[in-house]
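Visitor: Sharing target-v4.cif (mmCIF, C-alpha atoms) below.
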```cif
data_query
loop_
_atom_site.group_PDB
_atom_site.id
_atom_site.type_symbol
_atom_site.label_atom_id
_atom_site.label_comp_id
_atom_site.auth_asym_id
_atom_site.auth_seq_id
_atom_site.Cartn_x
_atom_site.Cartn_y
_atom_site.Cartn_z
ATOM 1 C CA MET K 152 56.538 192.183 -24.181
ATOM 2 C CA ILE K 153 58.090 190.073 -21.450
ATOM 3 C CA GLU K 154 61.553 188.644 -22.217
ATOM 4 C CA LEU K 155 63.586 185.987 -20.421
ATOM 5 C CA ARG K 156 65.822 188.680 -18.932
ATOM 6 C CA HIS K 157 62.778 190.173 -17.196
ATOM 7 C CA LEU K 158 62.069 186.827 -15.565
ATOM 8 C CA ARG K 159 65.694 186.592 -14.418
ATOM 9 C CA TYR K 160 65.499 190.139 -13.014
ATOM 10 C CA ALA K 161 62.405 189.300 -10.996
ATOM 11 C CA VAL K 162 63.822 186.025 -9.677
ATOM 12 C CA THR K 163 67.133 187.636 -8.698
ATOM 13 C CA VAL K 164 65.421 190.508 -6.873
ATOM 14 C CA ALA K 165 63.247 187.972 -5.047
ATOM 15 C CA ASP K 166 66.299 185.933 -4.073
ATOM 16 C CA GLU K 167 68.281 188.946 -2.833
ATOM 17 C CA GLY K 168 65.370 190.875 -1.312
ATOM 18 C CA HIS K 169 67.220 194.030 -2.243
ATOM 19 C CA MET K 170 67.475 196.010 -5.494
ATOM 20 C CA THR K 171 71.099 197.074 -5.112
ATOM 21 C CA ARG K 172 72.388 193.584 -4.281
ATOM 22 C CA ALA K 173 70.308 192.112 -7.116
ATOM 23 C CA ALA K 174 71.764 194.673 -9.532
ATOM 24 C CA GLU K 175 75.307 193.789 -8.450
ATOM 25 C CA ARG K 176 74.591 190.072 -8.961
ATOM 26 C CA LEU K 177 73.138 190.736 -12.412
ATOM 27 C CA GLY K 178 76.013 193.024 -13.384
ATOM 28 C CA ILE K 179 73.860 196.074 -14.081
ATOM 29 C CA GLN K 180 73.199 199.378 -12.333
ATOM 30 C CA GLN K 181 70.457 199.654 -9.691
ATOM 31 C CA PRO K 182 68.384 202.420 -11.374
ATOM 32 C CA PRO K 183 67.953 200.524 -14.696
ATOM 33 C CA LEU K 184 66.994 197.389 -12.754
ATOM 34 C CA SER K 185 64.348 199.291 -10.786
ATOM 35 C CA GLN K 186 63.006 200.706 -14.054
ATOM 36 C CA GLN K 187 62.817 197.239 -15.643
ATOM 37 C CA ILE K 188 60.957 195.835 -12.617
ATOM 38 C CA ALA K 189 58.519 198.774 -12.775
ATOM 39 C CA LYS K 190 57.912 198.115 -16.507
ATOM 40 C CA LEU K 191 57.418 194.408 -15.786
ATOM 41 C CA GLU K 192 54.818 195.198 -13.148
ATOM 42 C CA ALA K 193 53.062 197.519 -15.587
ATOM 43 C CA THR K 194 53.014 194.777 -18.246
ATOM 44 C CA VAL K 195 51.735 192.171 -15.798
ATOM 45 C CA GLY K 196 49.193 194.568 -14.345
ATOM 46 C CA ALA K 197 50.074 193.870 -10.704
ATOM 47 C CA SER K 198 52.674 194.843 -8.125
ATOM 48 C CA LEU K 199 55.243 192.100 -7.731
ATOM 49 C CA PHE K 200 57.293 193.634 -4.933
ATOM 50 C CA ARG K 201 56.443 195.525 -1.807
ATOM 51 C CA ARG K 202 59.004 198.251 -1.134
ATOM 52 C CA LEU K 203 60.399 198.192 2.389
ATOM 53 C CA PRO K 204 62.658 200.662 4.211
ATOM 54 C CA ARG K 205 65.623 198.312 3.780
ATOM 55 C CA GLY K 206 64.784 196.193 0.747
ATOM 56 C CA VAL K 207 61.822 194.564 -0.977
ATOM 57 C CA GLU K 208 59.593 191.546 -0.493
ATOM 58 C CA LEU K 209 57.252 189.663 -2.803
ATOM 59 C CA THR K 210 53.547 190.436 -2.862
ATOM 60 C CA ASP K 211 51.103 187.541 -3.211
ATOM 61 C CA ALA K 212 50.933 188.228 -6.949
ATOM 62 C CA GLY K 213 54.730 188.450 -7.045
ATOM 63 C CA GLN K 214 55.031 185.079 -5.306
ATOM 64 C CA THR K 215 52.885 183.472 -8.019
ATOM 65 C CA PHE K 216 54.842 185.195 -10.796
ATOM 66 C CA VAL K 217 58.288 184.304 -9.449
ATOM 67 C CA GLU K 218 57.342 180.631 -8.886
ATOM 68 C CA ARG K 219 56.238 180.339 -12.517
ATOM 69 C CA ALA K 220 59.279 182.323 -13.672
ATOM 70 C CA ARG K 221 61.614 179.901 -11.891
ATOM 71 C CA THR K 222 59.949 176.968 -13.671
ATOM 72 C CA ILE K 223 60.226 178.656 -17.068
ATOM 73 C CA LEU K 224 63.885 179.561 -16.567
ATOM 74 C CA HIS K 225 64.669 176.048 -15.388
ATOM 75 C CA GLU K 226 63.034 174.567 -18.486
ATOM 76 C CA VAL K 227 64.953 176.995 -20.696
ATOM 77 C CA ASP K 228 68.215 175.992 -19.039
ATOM 78 C CA LEU K 229 67.356 172.312 -19.551
ATOM 79 C CA ALA K 230 66.521 172.958 -23.201
ATOM 80 C CA ILE K 231 69.825 174.755 -23.750
ATOM 81 C CA GLU K 232 71.815 172.000 -22.082
ATOM 82 C CA ALA K 233 69.969 169.284 -24.013
ATOM 83 C CA THR K 234 70.659 171.135 -27.251
ATOM 84 C CA ARG K 235 74.336 171.446 -26.412
ATOM 85 C CA ARG K 236 74.539 167.748 -25.506
ATOM 86 C CA ASN K 237 72.873 166.854 -28.784
ATOM 87 C CA ALA K 238 75.265 169.089 -30.726
ATOM 88 C CA ARG K 239 78.219 167.439 -28.963
ATOM 89 C CA GLY K 240 76.865 164.006 -29.858
ATOM 90 C CA GLU K 241 76.143 163.083 -26.248
ATOM 91 C CA GLU K 242 72.465 162.320 -26.829
ATOM 92 C CA GLY K 243 69.975 161.978 -29.651
ATOM 93 C CA SER K 244 69.613 159.065 -32.071
ATOM 94 C CA LEU K 245 71.627 157.519 -34.891
ATOM 95 C CA ALA K 246 70.541 154.953 -37.501
ATOM 96 C CA ILE K 247 73.520 152.983 -38.836
ATOM 97 C CA GLY K 248 73.319 150.623 -41.810
ATOM 98 C CA PHE K 249 75.800 148.048 -43.062
ATOM 99 C CA THR K 250 76.035 145.263 -45.592
ATOM 100 C CA SER K 251 76.339 141.708 -44.299
ATOM 101 C CA SER K 252 79.996 141.611 -45.333
ATOM 102 C CA ALA K 253 80.779 144.857 -43.501
ATOM 103 C CA ALA K 254 79.033 143.831 -40.286
ATOM 104 C CA PHE K 255 81.947 141.691 -39.120
ATOM 105 C CA HIS K 256 84.780 144.049 -39.927
ATOM 106 C CA PRO K 257 86.552 145.049 -36.686
ATOM 107 C CA LEU K 258 86.425 148.736 -37.617
ATOM 108 C CA VAL K 259 82.617 148.670 -37.801
ATOM 109 C CA THR K 260 82.126 146.812 -34.522
ATOM 110 C CA SER K 261 84.792 148.874 -32.767
ATOM 111 C CA ALA K 262 83.306 152.190 -33.951
ATOM 112 C CA VAL K 263 79.793 151.261 -32.833
ATOM 113 C CA ARG K 264 81.128 150.079 -29.469
ATOM 114 C CA SER K 265 83.174 153.258 -28.978
ATOM 115 C CA LEU K 266 80.141 155.428 -29.744
ATOM 116 C CA GLY K 267 78.088 153.510 -27.165
ATOM 117 C CA GLU K 268 80.820 153.920 -24.562
ATOM 118 C CA MET K 269 81.381 157.620 -25.244
ATOM 119 C CA SER K 270 77.694 158.581 -25.545
ATOM 120 C CA PRO K 271 75.526 155.938 -23.820
ATOM 121 C CA ASP K 272 72.452 158.187 -24.091
ATOM 122 C CA ILE K 273 72.410 157.990 -27.902
ATOM 123 C CA ALA K 274 69.641 155.677 -29.140
ATOM 124 C CA LEU K 275 71.185 153.419 -31.803
ATOM 125 C CA LYS K 276 69.299 151.712 -34.617
ATOM 126 C CA LEU K 277 71.217 149.140 -36.667
ATOM 127 C CA GLU K 278 70.089 147.920 -40.076
ATOM 128 C CA GLU K 279 71.611 145.190 -42.276
ATOM 129 C CA ALA K 280 70.766 145.262 -45.981
ATOM 130 C CA SER K 281 72.251 145.268 -49.471
ATOM 131 C CA THR K 282 74.127 148.319 -50.718
ATOM 132 C CA PRO K 283 71.257 149.495 -53.000
ATOM 133 C CA ASP K 284 68.755 149.183 -50.142
ATOM 134 C CA LEU K 285 71.061 151.029 -47.755
ATOM 135 C CA ILE K 286 71.525 153.848 -50.243
ATOM 136 C CA ALA K 287 67.749 154.082 -50.729
ATOM 137 C CA MET K 288 67.271 154.294 -46.949
ATOM 138 C CA LEU K 289 69.875 157.047 -46.745
ATOM 139 C CA HIS K 290 68.082 159.056 -49.424
ATOM 140 C CA SER K 291 64.712 158.580 -47.682
ATOM 141 C CA GLY K 292 66.081 159.565 -44.262
ATOM 142 C CA LEU K 293 65.596 156.128 -42.685
ATOM 143 C CA LEU K 294 69.354 155.886 -42.127
ATOM 144 C CA ASP K 295 71.894 158.494 -41.076
ATOM 145 C CA VAL K 296 75.017 156.648 -42.176
ATOM 146 C CA ALA K 297 75.912 153.327 -43.810
ATOM 147 C CA PHE K 298 78.906 151.075 -44.390
ATOM 148 C CA VAL K 299 78.830 149.750 -47.951
ATOM 149 C CA ARG K 300 81.155 147.601 -50.023
ATOM 150 C CA SER K 301 80.693 148.886 -53.546
ATOM 151 C CA PRO K 302 80.828 152.221 -55.350
ATOM 152 C CA VAL K 303 77.434 153.896 -55.458
ATOM 153 C CA ALA K 304 75.940 154.821 -58.817
ATOM 154 C CA GLN K 305 73.165 157.003 -57.381
ATOM 155 C CA SER K 306 75.471 159.086 -55.197
ATOM 156 C CA SER K 307 73.847 162.475 -55.834
ATOM 157 C CA GLY K 308 73.159 164.114 -52.487
ATOM 158 C CA LEU K 309 75.508 161.739 -50.666
ATOM 159 C CA ILE K 310 79.055 161.873 -49.365
ATOM 160 C CA ILE K 311 80.875 158.585 -50.018
ATOM 161 C CA SER K 312 84.215 158.147 -48.242
ATOM 162 C CA ARG K 313 86.515 155.208 -48.932
ATOM 163 C CA ILE K 314 87.595 154.072 -45.479
ATOM 164 C CA LEU K 315 89.900 151.153 -46.235
ATOM 165 C CA ASP K 316 90.698 148.237 -48.539
ATOM 166 C CA GLU K 317 90.431 144.788 -46.999
ATOM 167 C CA GLU K 318 92.232 141.635 -48.103
ATOM 168 C CA MET K 319 90.080 138.843 -49.513
ATOM 169 C CA LEU K 320 90.529 135.159 -48.656
ATOM 170 C CA VAL K 321 89.624 131.849 -50.240
ATOM 171 C CA ALA K 322 87.128 129.885 -48.127
ATOM 172 C CA LEU K 323 86.989 126.176 -48.832
ATOM 173 C CA PRO K 324 85.959 122.996 -46.992
ATOM 174 C CA ASP K 325 88.668 122.026 -44.522
ATOM 175 C CA ARG K 326 88.858 118.555 -46.132
ATOM 176 C CA HIS K 327 89.328 119.963 -49.605
ATOM 177 C CA PRO K 328 92.467 118.595 -51.287
ATOM 178 C CA ILE K 329 93.915 122.083 -51.675
ATOM 179 C CA ALA K 330 93.439 122.812 -47.958
ATOM 180 C CA ILE K 331 95.010 119.489 -46.993
ATOM 181 C CA ALA K 332 97.919 119.956 -49.396
ATOM 182 C CA LYS K 333 98.696 123.398 -48.007
ATOM 183 C CA GLY K 334 99.144 122.015 -44.494
ATOM 184 C CA GLU K 335 99.324 124.030 -41.299
ATOM 185 C CA LYS K 336 101.442 126.820 -42.784
ATOM 186 C CA PRO K 337 99.971 127.290 -46.245
ATOM 187 C CA ARG K 338 101.542 129.526 -48.830
ATOM 188 C CA PRO K 339 99.291 132.047 -50.584
ATOM 189 C CA ILE K 340 97.222 130.476 -53.332
ATOM 190 C CA ARG K 341 97.216 131.581 -56.946
ATOM 191 C CA LEU K 342 93.762 132.317 -58.294
ATOM 192 C CA SER K 343 94.461 130.117 -61.331
ATOM 193 C CA GLU K 344 94.641 127.105 -58.984
ATOM 194 C CA LEU K 345 90.875 127.490 -58.516
ATOM 195 C CA ALA K 346 90.014 127.287 -62.213
ATOM 196 C CA ASN K 347 88.280 123.904 -61.897
ATOM 197 C CA GLU K 348 86.482 124.609 -58.625
ATOM 198 C CA ALA K 349 82.756 125.162 -58.104
ATOM 199 C CA PHE K 350 82.226 128.686 -56.792
ATOM 200 C CA ILE K 351 79.652 129.841 -54.265
ATOM 201 C CA LEU K 352 79.184 133.586 -54.365
ATOM 202 C CA TYR K 353 77.210 136.143 -52.449
ATOM 203 C CA ARG K 354 74.292 137.102 -54.680
ATOM 204 C CA ARG K 355 75.104 139.945 -57.045
ATOM 205 C CA PRO K 356 73.625 143.306 -55.971
ATOM 206 C CA SER K 357 72.097 145.715 -58.464
ATOM 207 C CA GLY K 358 75.416 147.358 -59.198
ATOM 208 C CA PRO K 359 79.163 146.647 -59.174
ATOM 209 C CA GLY K 360 80.522 145.072 -56.021
ATOM 210 C CA LEU K 361 82.436 142.102 -54.590
ATOM 211 C CA TYR K 362 80.733 139.688 -57.008
ATOM 212 C CA ASP K 363 81.941 141.625 -60.053
ATOM 213 C CA GLY K 364 85.418 142.026 -58.606
ATOM 214 C CA ILE K 365 85.770 138.264 -58.163
ATOM 215 C CA ILE K 366 84.581 137.551 -61.703
ATOM 216 C CA ALA K 367 86.979 140.142 -63.133
ATOM 217 C CA ALA K 368 89.929 138.752 -61.152
ATOM 218 C CA CYS K 369 89.209 135.211 -62.324
ATOM 219 C CA LEU K 370 89.012 136.338 -65.953
ATOM 220 C CA ALA K 371 92.316 138.157 -65.512
ATOM 221 C CA ALA K 372 93.774 134.889 -64.164
ATOM 222 C CA GLY K 373 92.737 133.120 -67.382
ATOM 223 C CA PHE K 374 89.476 131.395 -66.538
ATOM 224 C CA SER K 375 85.760 132.007 -66.124
ATOM 225 C CA PRO K 376 84.613 130.807 -62.688
ATOM 226 C CA LYS K 377 82.047 128.011 -62.511
ATOM 227 C CA ILE K 378 79.384 129.543 -60.276
ATOM 228 C CA ARG K 379 77.511 126.608 -58.779
ATOM 229 C CA HIS K 380 75.461 128.469 -56.155
ATOM 230 C CA GLU K 381 74.533 132.031 -55.216
ATOM 231 C CA ALA K 382 73.584 132.760 -51.607
ATOM 232 C CA PRO K 383 71.509 135.697 -50.304
ATOM 233 C CA ARG K 384 73.901 136.392 -47.419
ATOM 234 C CA LEU K 385 77.582 135.867 -46.795
ATOM 235 C CA LEU K 386 76.807 133.658 -43.809
ATOM 236 C CA SER K 387 74.722 131.466 -46.113
ATOM 237 C CA THR K 388 77.703 131.332 -48.454
ATOM 238 C CA LEU K 389 79.884 130.005 -45.642
ATOM 239 C CA SER K 390 77.269 127.414 -44.701
ATOM 240 C CA LEU K 391 77.325 126.058 -48.253
ATOM 241 C CA VAL K 392 81.136 125.990 -48.218
ATOM 242 C CA ALA K 393 81.154 124.111 -44.912
ATOM 243 C CA ALA K 394 78.718 121.617 -46.429
ATOM 244 C CA GLY K 395 81.280 120.866 -49.134
ATOM 245 C CA LEU K 396 79.283 122.294 -52.012
ATOM 246 C CA GLY K 397 82.024 124.541 -53.329
ATOM 247 C CA ILE K 398 84.492 127.297 -52.491
ATOM 248 C CA SER K 399 84.130 131.047 -52.126
ATOM 249 C CA ILE K 400 86.190 134.228 -51.935
ATOM 250 C CA ILE K 401 85.282 136.485 -49.022
ATOM 251 C CA PRO K 402 86.473 139.612 -47.191
ATOM 252 C CA GLY K 403 89.139 138.664 -44.684
ATOM 253 C CA SER K 404 87.176 139.892 -41.668
ATOM 254 C CA ILE K 405 84.572 137.167 -42.230
ATOM 255 C CA ALA K 406 87.203 134.617 -41.212
ATOM 256 C CA ARG K 407 86.864 135.941 -37.657
ATOM 257 C CA LEU K 408 83.712 133.823 -37.406
ATOM 258 C CA GLU K 409 85.864 130.661 -37.386
ATOM 259 C CA THR K 410 83.079 128.591 -38.922
ATOM 260 C CA ASN K 411 83.577 124.857 -38.360
ATOM 261 C CA GLY K 412 84.483 122.892 -41.429
ATOM 262 C CA ILE K 413 86.071 125.775 -43.325
ATOM 263 C CA ALA K 414 89.705 126.521 -44.102
ATOM 264 C CA TYR K 415 90.837 129.995 -45.146
ATOM 265 C CA LEU K 416 93.731 130.582 -47.515
ATOM 266 C CA ARG K 417 95.361 133.854 -48.456
ATOM 267 C CA LEU K 418 95.586 134.849 -52.103
ATOM 268 C CA ALA K 419 98.859 135.646 -53.841
ATOM 269 C CA PRO K 420 99.581 139.408 -53.686
ATOM 270 C CA HIS K 421 99.459 139.888 -57.460
ATOM 271 C CA THR K 422 95.798 138.790 -57.452
ATOM 272 C CA ASN K 423 94.823 142.314 -56.412
ATOM 273 C CA LEU K 424 91.469 141.203 -55.017
ATOM 274 C CA ILE K 425 90.320 143.583 -52.307
ATOM 275 C CA ALA K 426 87.085 144.348 -50.491
ATOM 276 C CA PRO K 427 86.784 148.125 -50.140
ATOM 277 C CA LEU K 428 84.782 149.610 -47.282
ATOM 278 C CA TYR K 429 82.965 152.903 -47.786
ATOM 279 C CA LEU K 430 81.140 155.206 -45.394
ATOM 280 C CA ALA K 431 78.058 156.863 -46.909
ATOM 281 C CA GLN K 432 75.994 159.720 -45.518
ATOM 282 C CA ARG K 433 73.785 162.506 -46.824
ATOM 283 C CA ASP K 434 75.490 165.662 -48.044
ATOM 284 C CA GLU K 435 74.024 167.939 -45.376
ATOM 285 C CA GLN K 436 74.853 169.377 -41.977
ATOM 286 C CA PRO K 437 75.323 166.283 -39.761
ATOM 287 C CA SER K 438 73.790 165.889 -36.346
ATOM 288 C CA GLY K 439 76.090 165.878 -33.347
ATOM 289 C CA ALA K 440 75.771 162.107 -33.042
ATOM 290 C CA LEU K 441 76.657 161.552 -36.702
ATOM 291 C CA ARG K 442 79.582 163.975 -36.545
ATOM 292 C CA LEU K 443 80.937 162.177 -33.479
ATOM 293 C CA PHE K 444 80.479 158.755 -35.113
ATOM 294 C CA ALA K 445 82.247 159.843 -38.307
ATOM 295 C CA ASP K 446 85.144 161.164 -36.210
ATOM 296 C CA ILE K 447 85.320 157.835 -34.371
ATOM 297 C CA VAL K 448 85.352 155.872 -37.643
ATOM 298 C CA HIS K 449 88.196 157.925 -39.110
ATOM 299 C CA ARG K 450 90.145 157.708 -35.854
ATOM 300 C CA GLU K 451 89.633 153.925 -35.646
ATOM 301 C CA LYS K 452 90.814 153.361 -39.216
ATOM 302 C CA VAL K 453 94.132 154.970 -38.325
ATOM 303 C CA SER K 454 94.693 152.904 -35.194
ATOM 304 C CA LEU K 455 93.155 149.603 -36.276
ATOM 305 C CA LYS K 456 95.393 147.001 -37.861
ATOM 306 C CA TYR K 457 93.667 143.786 -38.843
ATOM 307 C CA SER K 458 95.472 140.606 -39.750
ATOM 308 C CA PRO K 459 93.194 137.736 -40.815
#
```
What does the file become when written as structure tokens?

Guide:
Amino acid sequence: MIELRHLRYAVTVADEGHMTRAAERLGIQQPPLSQQIAKLEATVGASLFRRLPRGVELTDAGQTFVERARTILHEVDLAIEATRRNARGEEGSLAIGFTSSAAFHPLVTSAVRSLGEMSPDIALKLEEASTPDLIAMLHSGLLDVAFVRSPVAQSSGLIISRILDEEMLVALPDRHPIAIAKGEKPRPIRLSELANEAFILYRRPSGPGLYDGIIAACLAAGFSPKIRHEAPRLLSTLSLVAAGLGISIIPGSIARLETNGIAYLRLAPHTNLIAPLYLAQRDEQPSGALRLFADIVHREKVSLKYSP
């Protein structure tokens, strides 16, 4: 049976034109090399080298064999290098999912940008969906990793890491009496001050999340919020706020959009309303690209400081 080392022996002997020099280059003794070449010729069924008084030269059959051997060895080298690049996260593909509220967090955008800069040969696929849909896509293999906002009930087979807790803000029309009264340097608002307001909330997912956290915080503040509208996306929520149809409570990073017609107010610290951000992936050996991305995310969370 012909092995890769036999191909390398033949190519090296052809390059050197001399058994002894080829043996020195290969780091083996000359007699074993001569024996291996003789066995190779016996396996092939043709003489590959013509023995000369001061070296060797390729026969016609040997020329054909060595040309093909060079091609095979080159392809093997390329395959090894490609595999190593993939393992290092320098190439391959990565499907990243995120909820609409997570899409605008600086950590998410910064991590995706850093991955693109560090490994431009990675093919990225980005998918925005609800947390339940993202989890389903992770389980089915359509996604490699996802940023989600709520704890995951069906977490079997997944690794869920809590990355950070984000402050939540009140979003209200910029001509709202509360916004006007607060002035240019508003103090944090107590949740109880919103007891009589019409709320616009991001539609409740099939599981606990930001929606439930807002309801619970309002109840703890002594009132049940009047939910006037539910929007399918957070951007739709902001559009309804800007139109003057109510107020909302959103993750602080959404305020980066600077939507016209909306004022953002911070909540009093004792409100304890936060928007957690989780990183979810399958509980299996990660690809090089996923391992690199996860490292980037955890590095970014240490260095990133966001102030809404």

Visitor: Between K:Val296, K:Leu289, K:Val207, K:Leu191, single out the one closest to Gly168 of chain K, counting all atoms listed in the file.

Guide: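 Nearest to Gly168 of chain K: K:Val207.
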
Visitor: Can you give me, as number ranges by chain, the residues this file yields under the PyMOL selection byres ((chain K and resi 425-436) around 10)?

Guide: K: 247-250, 252-253, 256, 258-259, 285-286, 289-292, 294-303, 306-320, 360-361, 364-365, 401-404, 422-424, 437-439, 441-442, 445, 448-449

Visitor: Run the PyMOL selection byres ((chain K and resi 274) around 6) on the file and write out the hits as a CSV table (one decimal) with C-alpha atoms, in the frame of the given file.

Guide:
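Dumped everything to result16.csv:
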```csv
chain,number,residue,atom,x,y,z
K,244,SER,CA,69.6,159.1,-32.1
K,273,ILE,CA,72.4,158.0,-27.9
K,275,LEU,CA,71.2,153.4,-31.8
```

Visitor: Given the choices K:Met269, K:Val263, K:Ala419, K:Ile398, which gets closest to Ile340 of chain K if the distance is worked out from all atoms listed in the file?

Guide: K:Ala419

Visitor: Env of Ala393 of chain K: 12 Å cut, atoms = all atoms listed in the file, seq-sep filter 4 positions within chain, self excluded. Answer as an mmCIF file with C-alpha atoms, in the coordinates of the input.

Guide:
```cif
data_model
loop_
_atom_site.group_PDB
_atom_site.id
_atom_site.type_symbol
_atom_site.label_atom_id
_atom_site.label_comp_id
_atom_site.auth_asym_id
_atom_site.auth_seq_id
_atom_site.Cartn_x
_atom_site.Cartn_y
_atom_site.Cartn_z
ATOM 1 C CA ALA K 322 87.128 129.885 -48.127
ATOM 2 C CA LEU K 323 86.989 126.176 -48.832
ATOM 3 C CA PRO K 324 85.959 122.996 -46.992
ATOM 4 C CA ASP K 325 88.668 122.026 -44.522
ATOM 5 C CA ARG K 326 88.858 118.555 -46.132
ATOM 6 C CA HIS K 327 89.328 119.963 -49.605
ATOM 7 C CA ILE K 351 79.652 129.841 -54.265
ATOM 8 C CA LEU K 386 76.807 133.658 -43.809
ATOM 9 C CA SER K 387 74.722 131.466 -46.113
ATOM 10 C CA THR K 388 77.703 131.332 -48.454
ATOM 11 C CA LEU K 389 79.884 130.005 -45.642
ATOM 12 C CA GLY K 397 82.024 124.541 -53.329
ATOM 13 C CA ILE K 398 84.492 127.297 -52.491
ATOM 14 C CA SER K 399 84.130 131.047 -52.126
ATOM 15 C CA GLU K 409 85.864 130.661 -37.386
ATOM 16 C CA THR K 410 83.079 128.591 -38.922
ATOM 17 C CA ASN K 411 83.577 124.857 -38.360
ATOM 18 C CA GLY K 412 84.483 122.892 -41.429
ATOM 19 C CA ILE K 413 86.071 125.775 -43.325
ATOM 20 C CA ALA K 414 89.705 126.521 -44.102
ATOM 21 C CA TYR K 415 90.837 129.995 -45.146
#
```

Visitor: Record the distance separating atom CA of Val217 of chain K and atom CA of Ala233 of chain K, expressed in Å with one decimal.

Guide: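 Rounded to one decimal, the two atoms are 24.0 Å apart.
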
Visitor: List the residues matched by the PyMOL selection byres ((chain K and resi 270) around 9) in the displayed structure as a ChimeraX atom specification, ordered by chain and then by residue number.

Guide: /K:240-242,265-269,271-273,440

Visitor: Could you check how far atom CA of Ala174 of chain K sits from atom CA of Ile153 of chain K, in Å to one decimal?

Guide: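 So the answer is 18.7 Å.
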
Visitor: Mind giving me the straight-line distance from atom CA of Ala382 of chain K to atom CA of Arg338 of chain K in Å, one decimal?

Guide: 28.3 Å

Visitor: Using all atoms listed in the file, which residue out of K:Gly178, K:Arg354, K:Gln186, K:Leu342 lies closest to Ala367 of chain K?

Guide: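 Selected residue with least distance to Ala367 of chain K: K:Leu342.
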
Visitor: Env of Thr194 of chain K: 12 Å cut, atoms = all atoms listed in the file, seq-sep filter 6 positions within chain, self excluded. Answer as a PyMOL selection string.

Guide: chain K and resi 152-154+157+187-188

Visitor: Convert the current residue selection to file output with C-alpha atoms, as a PDB file, in the frame of the given file.

Guide:
```pdb
ATOM      1  CA  MET K 152      56.538 192.183 -24.181  1.00  0.00           C
ATOM      2  CA  ILE K 153      58.090 190.073 -21.450  1.00  0.00           C
ATOM      3  CA  GLU K 154      61.553 188.644 -22.217  1.00  0.00           C
ATOM      4  CA  HIS K 157      62.778 190.173 -17.196  1.00  0.00           C
ATOM      5  CA  GLN K 187      62.817 197.239 -15.643  1.00  0.00           C
ATOM      6  CA  ILE K 188      60.957 195.835 -12.617  1.00  0.00           C
TER       7      ILE K 188
END
```

Visitor: Of the candidates K:Ile447, K:Leu408, K:Ala193, K:Ala372, which one gets nearest to Arg264 of chain K if we count all atoms listed in the file?

Guide: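 Once distances to Arg264 of chain K are computed over all atoms listed in the file, the minimum belongs to K:Ile447.
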